[in-house]
file upload.tsv (TSV, C-alpha atoms)
chain	number	residue	atom	x	y	z
J	28	MET	CA	120.44	14.93	96.50
J	29	THR	CA	117.72	14.21	93.94
J	30	LEU	CA	114.22	15.60	93.89
J	31	ASP	CA	112.77	12.12	94.51
J	32	GLU	CA	114.95	11.70	97.61
J	33	ILE	CA	113.85	15.07	98.94
J	34	ILE	CA	110.17	14.26	98.34
J	35	ASP	CA	110.53	10.84	100.00
J	36	ASN	CA	112.31	12.34	103.00
J	37	PHE	CA	109.78	15.14	103.26
J	38	GLU	CA	106.78	12.80	103.06
J	39	PHE	CA	108.36	10.48	105.64
J	40	LEU	CA	108.25	13.28	108.21
J	41	ASP	CA	104.80	13.57	109.80
J	42	ASP	CA	105.37	16.60	111.98
J	43	TRP	CA	105.67	20.05	110.42
J	44	ASP	CA	108.33	21.08	112.91
J	45	ASP	CA	110.45	18.22	111.55
J	46	ARG	CA	109.66	19.27	107.99
J	47	TYR	CA	110.75	22.84	108.73
J	48	ARG	CA	114.00	21.52	110.23
J	49	TYR	CA	114.49	19.43	107.08
J	50	LEU	CA	113.99	22.52	104.92
J	51	ILE	CA	116.58	24.35	107.02
J	52	ASP	CA	118.98	21.43	106.55
J	53	LEU	CA	118.36	21.56	102.78
J	54	GLY	CA	119.27	25.24	102.84
J	55	ARG	CA	122.62	24.34	104.35
J	56	THR	CA	123.39	22.23	101.27
J	57	LEU	CA	123.26	25.21	98.89
J	58	ALA	CA	126.49	25.94	97.07
J	59	PRO	CA	127.94	29.22	98.32
J	60	MET	CA	126.92	32.21	96.27
J	61	PRO	CA	129.72	34.71	95.59
J	62	ASP	CA	129.34	38.03	97.38
J	63	GLU	CA	129.19	39.90	94.08
J	64	ALA	CA	126.15	37.81	93.06
J	65	HIS	CA	124.19	39.28	95.98
J	66	ASN	CA	123.17	42.23	93.83
J	67	GLU	CA	120.01	44.00	92.71
J	68	SER	CA	119.77	42.24	89.34
J	69	ASN	CA	119.80	38.83	91.05
J	70	LYS	CA	117.35	39.84	93.76
J	71	VAL	CA	113.93	38.18	93.55
J	72	ARG	CA	111.14	40.71	93.95
J	73	CYS	CA	108.03	40.12	96.09
J	74	CYS	CA	109.85	38.11	98.72
J	75	MET	CA	109.58	39.26	102.29
J	76	SER	CA	113.02	37.80	102.98
J	77	GLN	CA	115.92	38.67	100.76
J	78	VAL	CA	116.38	36.09	98.00
J	79	TRP	CA	118.92	36.08	95.21
J	80	LEU	CA	119.01	33.85	92.13
J	81	GLU	CA	121.89	33.86	89.69
J	82	THR	CA	121.18	32.26	86.32
J	83	LYS	CA	123.75	30.86	83.93
J	84	VAL	CA	122.73	29.52	80.54
J	85	GLU	CA	124.80	27.14	78.46
J	86	PRO	CA	124.05	25.11	75.35
J	87	GLY	CA	122.93	21.55	75.98
J	88	PRO	CA	123.97	18.48	73.98
J	89	LYS	CA	121.37	19.21	71.30
J	90	GLY	CA	121.98	22.97	71.34
J	91	GLU	CA	118.99	23.71	73.56
J	92	PRO	CA	119.63	26.12	76.44
J	93	VAL	CA	120.33	24.51	79.82
J	94	LEU	CA	119.95	26.70	82.89
J	95	HIS	CA	122.02	26.49	86.06
J	96	PHE	CA	121.17	28.45	89.17
J	97	LEU	CA	122.82	29.58	92.35
J	98	GLY	CA	120.61	30.91	95.09
J	99	ASP	CA	120.67	32.32	98.57
J	100	SER	CA	118.44	33.87	101.19
J	101	ASP	CA	118.89	35.63	104.49
J	102	ALA	CA	116.16	33.47	106.13
J	103	LEU	CA	116.74	29.84	107.08
J	104	ILE	CA	113.44	28.30	105.96
J	105	VAL	CA	113.41	30.36	102.78
J	106	ARG	CA	116.98	29.24	102.08
J	107	GLY	CA	115.64	25.67	102.25
J	108	LEU	CA	112.87	26.58	99.81
J	109	VAL	CA	115.53	28.03	97.50
J	110	ALA	CA	117.48	24.75	97.73
J	111	LEU	CA	114.38	22.70	96.90
J	112	THR	CA	113.54	24.98	93.98
J	113	LEU	CA	117.07	24.73	92.59
J	114	VAL	CA	117.04	20.92	92.80
J	115	LEU	CA	113.81	21.02	90.81
J	116	PHE	CA	115.08	23.37	88.08
J	117	SER	CA	118.87	23.71	87.92
J	118	GLY	CA	120.60	21.72	85.19
J	119	HIS	CA	117.43	21.35	83.10
J	120	THR	CA	116.63	22.66	79.66
J	121	ALA	CA	114.55	25.79	79.27
J	122	ARG	CA	111.72	23.67	77.82
J	123	GLU	CA	111.79	21.26	80.79
J	124	ILE	CA	111.64	24.22	83.18
J	125	LEU	CA	108.69	25.74	81.36
J	126	ASP	CA	106.88	22.38	81.30
J	127	ALA	CA	107.47	21.60	85.01
J	128	ASP	CA	104.58	22.15	87.40
J	129	ALA	CA	106.43	23.35	90.50
J	130	LEU	CA	103.31	24.70	92.17
J	131	ASP	CA	101.70	21.26	91.99
J	132	LEU	CA	104.75	19.77	93.71
J	133	PHE	CA	104.61	22.42	96.43
J	134	LYS	CA	100.89	21.68	96.97
J	135	ARG	CA	101.66	17.96	97.17
J	136	LEU	CA	104.24	18.65	99.87
J	137	GLY	CA	101.66	20.65	101.85
J	138	PHE	CA	103.24	24.06	101.50
J	139	GLU	CA	99.90	25.63	100.62
J	140	GLN	CA	98.59	24.94	104.13
J	141	HIS	CA	101.81	25.29	106.12
J	142	LEU	CA	103.72	28.24	104.69
J	143	THR	CA	102.83	31.79	105.60
J	144	PRO	CA	101.26	33.80	102.79
J	145	GLN	CA	104.48	35.82	102.52
J	146	ARG	CA	106.61	32.68	102.09
J	147	SER	CA	104.12	31.26	99.58
J	148	ASN	CA	104.27	34.50	97.57
J	149	GLY	CA	108.05	34.43	97.72
J	150	LEU	CA	108.12	30.82	96.52
J	151	ARG	CA	105.85	31.72	93.59
J	152	SER	CA	108.10	34.69	92.82
J	153	MET	CA	111.15	32.40	92.70
J	154	VAL	CA	109.38	30.02	90.32
J	155	ASP	CA	108.15	32.93	88.18
J	156	ARG	CA	111.68	34.34	87.97
J	157	ILE	CA	113.14	30.96	86.95
J	158	ARG	CA	110.42	30.46	84.35
J	159	LYS	CA	111.03	33.99	83.00
J	160	ASP	CA	114.75	33.26	82.69
J	161	ALA	CA	113.95	29.98	80.91
J	162	ALA	CA	111.57	31.70	78.49
J	163	GLN	CA	114.19	34.35	77.73
J	164	ALA	CA	116.87	31.70	77.17
J	165	LEU	CA	114.57	29.82	74.82
J	166	ALA	CA	113.68	32.99	72.90
J	167	THR	CA	117.32	33.91	72.35
J	168	ALA	CA	118.54	30.38	71.50
call {"tool": "encode", "arguments": {"input": "upload.tsv", "output": "structure tokens"}}
result
Amino acid sequence: MTLDEIIDNFEFLDDWDDRYRYLIDLGRTLAPMPDEAHNESNKVRCCMSQVWLETKVEPGPKGEPVLHFLGDSDALIVRGLVALTLVLFSGHTAREILDADALDLFKRLGFEQHLTPQRSNGLRSMVDRIRKDAAQALATA
């Protein structure tokens, strides 16, 4: 599923209960994360729920680092937020990740008003972690 499809589907749903269900459904689309990847180094800090992000970096066609992510959470809605975040970032160059304005997208989708402060902080922590990994990949390229 593409980011545009997710945004269109999300904006089509008027009711926030339906949007939460959609997020839960998105979470079910996540690729399985190996058990050994559920470790402390992959754990995202500042999330009330447990969230893990595994980052793999490979050279892109022009030699620039491309980042791929696997993610998981022990909470259904947060797992959906992980899925949305990975669609936004995974498979993109480090520069594209650093240039993307994820928080603007999340505001546009209404998360600012409809997520609990803990989930909002967790979402920001995921984005910060991905951006940190992208910056590190770019610095070592």
call {"tool": "closest_residue", "arguments": {"input": "upload.tsv", "among": "J:Arg55, J:Lys83, J:Lys70, J:His65", "to": "Leu108 in chain J", "atoms": "all atoms listed in the file"}}
result
J:Arg55
call {"tool": "closest_residue", "arguments": {"input": "upload.tsv", "among": "J:Ser76, J:Gln163, J:Ser117, J:Thr82", "to": "Asn148 in chain J", "atoms": "only C-alpha atoms"}}
result
J:Ser76
call {"tool": "closest_residue", "arguments": {"input": "upload.tsv", "among": "J:His141, J:Leu103, J:Tyr49, J:Gly149", "to": "Ile33 in chain J", "atoms": "only C-alpha atoms"}}
result
J:Tyr49
call {"tool": "atom_distance", "arguments": {"input": "upload.tsv", "atom1": "CA of Asp41 in chain J", "atom2": "CA of Leu150 in chain J"}}
result
22.0 Å
call {"tool": "closest_residue", "arguments": {"input": "upload.tsv", "among": "J:Arg46, J:Arg146, J:Arg156, J:Arg151", "to": "Leu130 in chain J", "atoms": "only C-alpha atoms"}}
result
J:Arg151
call {"tool": "closest_residue", "arguments": {"input": "upload.tsv", "among": "J:Ala166, J:Val154, J:Ala64, J:Leu80", "to": "Asp131 in chain J", "atoms": "only C-alpha atoms"}}
result
J:Val154
call {"tool": "atom_distance", "arguments": {"input": "upload.tsv", "atom1": "CA of Pro88 in chain J", "atom2": "CA of Ala121 in chain J"}}
result
13.0 Å
call {"tool": "atom_distance", "arguments": {"input": "upload.tsv", "atom1": "CA of Leu97 in chain J", "atom2": "CA of Ala161 in chain J"}}
result
14.5 Å
call {"tool": "closest_residue", "arguments": {"input": "upload.tsv", "among": "J:Leu125, J:Leu113, J:Val78, J:Ile51", "to": "His95 in chain J", "atoms": "only C-alpha atoms"}}
result
J:Leu113
call {"tool": "build_atoms", "arguments": {"input": "upload.tsv", "residues": "range 65-101 of chain J", "atoms": "N, CA and C atoms", "output": "PDB file, in the coordinates of the input"}}
result
ATOM      1  N   HIS J  65     125.247  38.725  95.126  1.00  0.00           N
ATOM      2  CA  HIS J  65     124.190  39.280  95.980  1.00  0.00           C
ATOM      3  C   HIS J  65     123.960  40.734  95.550  1.00  0.00           C
ATOM      4  N   ASN J  66     123.364  40.887  94.378  1.00  0.00           N
ATOM      5  CA  ASN J  66     123.170  42.230  93.830  1.00  0.00           C
ATOM      6  C   ASN J  66     121.714  42.428  93.424  1.00  0.00           C
ATOM      7  N   GLU J  67     121.394  43.634  93.039  1.00  0.00           N
ATOM      8  CA  GLU J  67     120.010  44.000  92.710  1.00  0.00           C
ATOM      9  C   GLU J  67     119.470  43.221  91.513  1.00  0.00           C
ATOM     10  N   SER J  68     120.294  42.953  90.515  1.00  0.00           N
ATOM     11  CA  SER J  68     119.770  42.240  89.340  1.00  0.00           C
ATOM     12  C   SER J  68     119.452  40.785  89.650  1.00  0.00           C
ATOM     13  N   ASN J  69     120.087  40.211  90.656  1.00  0.00           N
ATOM     14  CA  ASN J  69     119.800  38.830  91.050  1.00  0.00           C
ATOM     15  C   ASN J  69     118.731  38.730  92.133  1.00  0.00           C
ATOM     16  N   LYS J  70     118.326  39.842  92.668  1.00  0.00           N
ATOM     17  CA  LYS J  70     117.350  39.840  93.760  1.00  0.00           C
ATOM     18  C   LYS J  70     115.964  39.463  93.213  1.00  0.00           C
ATOM     19  N   VAL J  71     115.285  38.594  93.928  1.00  0.00           N
ATOM     20  CA  VAL J  71     113.930  38.180  93.550  1.00  0.00           C
ATOM     21  C   VAL J  71     112.957  39.138  94.226  1.00  0.00           C
ATOM     22  N   ARG J  72     112.115  39.745  93.438  1.00  0.00           N
ATOM     23  CA  ARG J  72     111.140  40.710  93.950  1.00  0.00           C
ATOM     24  C   ARG J  72     109.949  39.970  94.568  1.00  0.00           C
ATOM     25  N   CYS J  73     109.244  40.633  95.444  1.00  0.00           N
ATOM     26  CA  CYS J  73     108.030  40.120  96.090  1.00  0.00           C
ATOM     27  C   CYS J  73     108.319  39.066  97.150  1.00  0.00           C
ATOM     28  N   CYS J  74     109.532  38.999  97.608  1.00  0.00           N
ATOM     29  CA  CYS J  74     109.850  38.110  98.720  1.00  0.00           C
ATOM     30  C   CYS J  74     110.012  38.965  99.955  1.00  0.00           C
ATOM     31  N   MET J  75     109.431  38.523 101.049  1.00  0.00           N
ATOM     32  CA  MET J  75     109.580  39.260 102.290  1.00  0.00           C
ATOM     33  C   MET J  75     111.029  39.169 102.778  1.00  0.00           C
ATOM     34  N   SER J  76     111.609  37.983 102.683  1.00  0.00           N
ATOM     35  CA  SER J  76     113.020  37.800 102.980  1.00  0.00           C
ATOM     36  C   SER J  76     113.813  38.186 101.746  1.00  0.00           C
ATOM     37  N   GLN J  77     115.086  38.401 101.919  1.00  0.00           N
ATOM     38  CA  GLN J  77     115.920  38.670 100.760  1.00  0.00           C
ATOM     39  C   GLN J  77     116.272  37.340 100.094  1.00  0.00           C
ATOM     40  N   VAL J  78     116.068  37.284  98.783  1.00  0.00           N
ATOM     41  CA  VAL J  78     116.380  36.090  98.000  1.00  0.00           C
ATOM     42  C   VAL J  78     117.098  36.538  96.741  1.00  0.00           C
ATOM     43  N   TRP J  79     118.167  35.815  96.425  1.00  0.00           N
ATOM     44  CA  TRP J  79     118.920  36.080  95.210  1.00  0.00           C
ATOM     45  C   TRP J  79     119.003  34.804  94.385  1.00  0.00           C
ATOM     46  N   LEU J  80     118.840  34.955  93.074  1.00  0.00           N
ATOM     47  CA  LEU J  80     119.010  33.850  92.130  1.00  0.00           C
ATOM     48  C   LEU J  80     119.933  34.317  91.013  1.00  0.00           C
ATOM     49  N   GLU J  81     120.995  33.581  90.798  1.00  0.00           N
ATOM     50  CA  GLU J  81     121.890  33.860  89.690  1.00  0.00           C
ATOM     51  C   GLU J  81     121.674  32.772  88.647  1.00  0.00           C
ATOM     52  N   THR J  82     121.472  33.187  87.412  1.00  0.00           N
ATOM     53  CA  THR J  82     121.180  32.260  86.320  1.00  0.00           C
ATOM     54  C   THR J  82     122.331  32.238  85.332  1.00  0.00           C
ATOM     55  N   LYS J  83     122.758  31.032  84.988  1.00  0.00           N
ATOM     56  CA  LYS J  83     123.750  30.860  83.930  1.00  0.00           C
ATOM     57  C   LYS J  83     123.131  29.921  82.892  1.00  0.00           C
ATOM     58  N   VAL J  84     123.288  30.299  81.643  1.00  0.00           N
ATOM     59  CA  VAL J  84     122.730  29.520  80.540  1.00  0.00           C
ATOM     60  C   VAL J  84     123.881  28.999  79.696  1.00  0.00           C
ATOM     61  N   GLU J  85     123.807  27.723  79.358  1.00  0.00           N
ATOM     62  CA  GLU J  85     124.800  27.140  78.460  1.00  0.00           C
ATOM     63  C   GLU J  85     124.084  26.230  77.475  1.00  0.00           C
ATOM     64  N   PRO J  86     124.697  25.998  76.325  1.00  0.00           N
ATOM     65  CA  PRO J  86     124.050  25.110  75.350  1.00  0.00           C
ATOM     66  C   PRO J  86     124.104  23.665  75.823  1.00  0.00           C
ATOM     67  N   GLY J  87     122.996  22.966  75.650  1.00  0.00           N
ATOM     68  CA  GLY J  87     122.930  21.550  75.980  1.00  0.00           C
ATOM     69  C   GLY J  87     123.466  20.709  74.846  1.00  0.00           C
ATOM     70  N   PRO J  88     123.428  19.385  75.002  1.00  0.00           N
ATOM     71  CA  PRO J  88     123.970  18.480  73.980  1.00  0.00           C
ATOM     72  C   PRO J  88     123.325  18.656  72.600  1.00  0.00           C
ATOM     73  N   LYS J  89     122.072  19.026  72.582  1.00  0.00           N
ATOM     74  CA  LYS J  89     121.370  19.210  71.300  1.00  0.00           C
ATOM     75  C   LYS J  89     121.246  20.686  70.939  1.00  0.00           C
ATOM     76  N   GLY J  90     122.010  21.542  71.629  1.00  0.00           N
ATOM     77  CA  GLY J  90     121.980  22.970  71.340  1.00  0.00           C
ATOM     78  C   GLY J  90     120.916  23.737  72.108  1.00  0.00           C
ATOM     79  N   GLU J  91     120.034  23.028  72.798  1.00  0.00           N
ATOM     80  CA  GLU J  91     118.990  23.710  73.560  1.00  0.00           C
ATOM     81  C   GLU J  91     119.598  24.345  74.814  1.00  0.00           C
ATOM     82  N   PRO J  92     119.058  25.479  75.262  1.00  0.00           N
ATOM     83  CA  PRO J  92     119.630  26.120  76.440  1.00  0.00           C
ATOM     84  C   PRO J  92     119.364  25.315  77.721  1.00  0.00           C
ATOM     85  N   VAL J  93     120.414  25.152  78.515  1.00  0.00           N
ATOM     86  CA  VAL J  93     120.330  24.510  79.820  1.00  0.00           C
ATOM     87  C   VAL J  93     120.634  25.585  80.851  1.00  0.00           C
ATOM     88  N   LEU J  94     119.790  25.672  81.873  1.00  0.00           N
ATOM     89  CA  LEU J  94     119.950  26.700  82.890  1.00  0.00           C
ATOM     90  C   LEU J  94     120.505  26.114  84.178  1.00  0.00           C
ATOM     91  N   HIS J  95     121.436  26.848  84.770  1.00  0.00           N
ATOM     92  CA  HIS J  95     122.020  26.490  86.060  1.00  0.00           C
ATOM     93  C   HIS J  95     121.821  27.683  86.992  1.00  0.00           C
ATOM     94  N   PHE J  96     121.474  27.385  88.217  1.00  0.00           N
ATOM     95  CA  PHE J  96     121.170  28.450  89.170  1.00  0.00           C
ATOM     96  C   PHE J  96     121.996  28.324  90.437  1.00  0.00           C
ATOM     97  N   LEU J  97     122.330  29.473  90.982  1.00  0.00           N
ATOM     98  CA  LEU J  97     122.820  29.580  92.350  1.00  0.00           C
ATOM     99  C   LEU J  97     121.797  30.424  93.077  1.00  0.00           C
ATOM    100  N   GLY J  98     121.586  30.141  94.339  1.00  0.00           N
ATOM    101  CA  GLY J  98     120.610  30.910  95.090  1.00  0.00           C
ATOM    102  C   GLY J  98     121.019  31.071  96.533  1.00  0.00           C
ATOM    103  N   ASP J  99     120.396  32.053  97.167  1.00  0.00           N
ATOM    104  CA  ASP J  99     120.670  32.320  98.570  1.00  0.00           C
ATOM    105  C   ASP J  99     119.514  33.107  99.149  1.00  0.00           C
ATOM    106  N   SER J 100     119.420  33.073 100.468  1.00  0.00           N
ATOM    107  CA  SER J 100     118.440  33.870 101.190  1.00  0.00           C
ATOM    108  C   SER J 100     119.002  34.197 102.559  1.00  0.00           C
ATOM    109  N   ASP J 101     118.462  35.248 103.148  1.00  0.00           N
ATOM    110  CA  ASP J 101     118.890  35.630 104.490  1.00  0.00           C
ATOM    111  C   ASP J 101     118.014  34.981 105.567  1.00  0.00           C
TER     112      ASP J 101
END
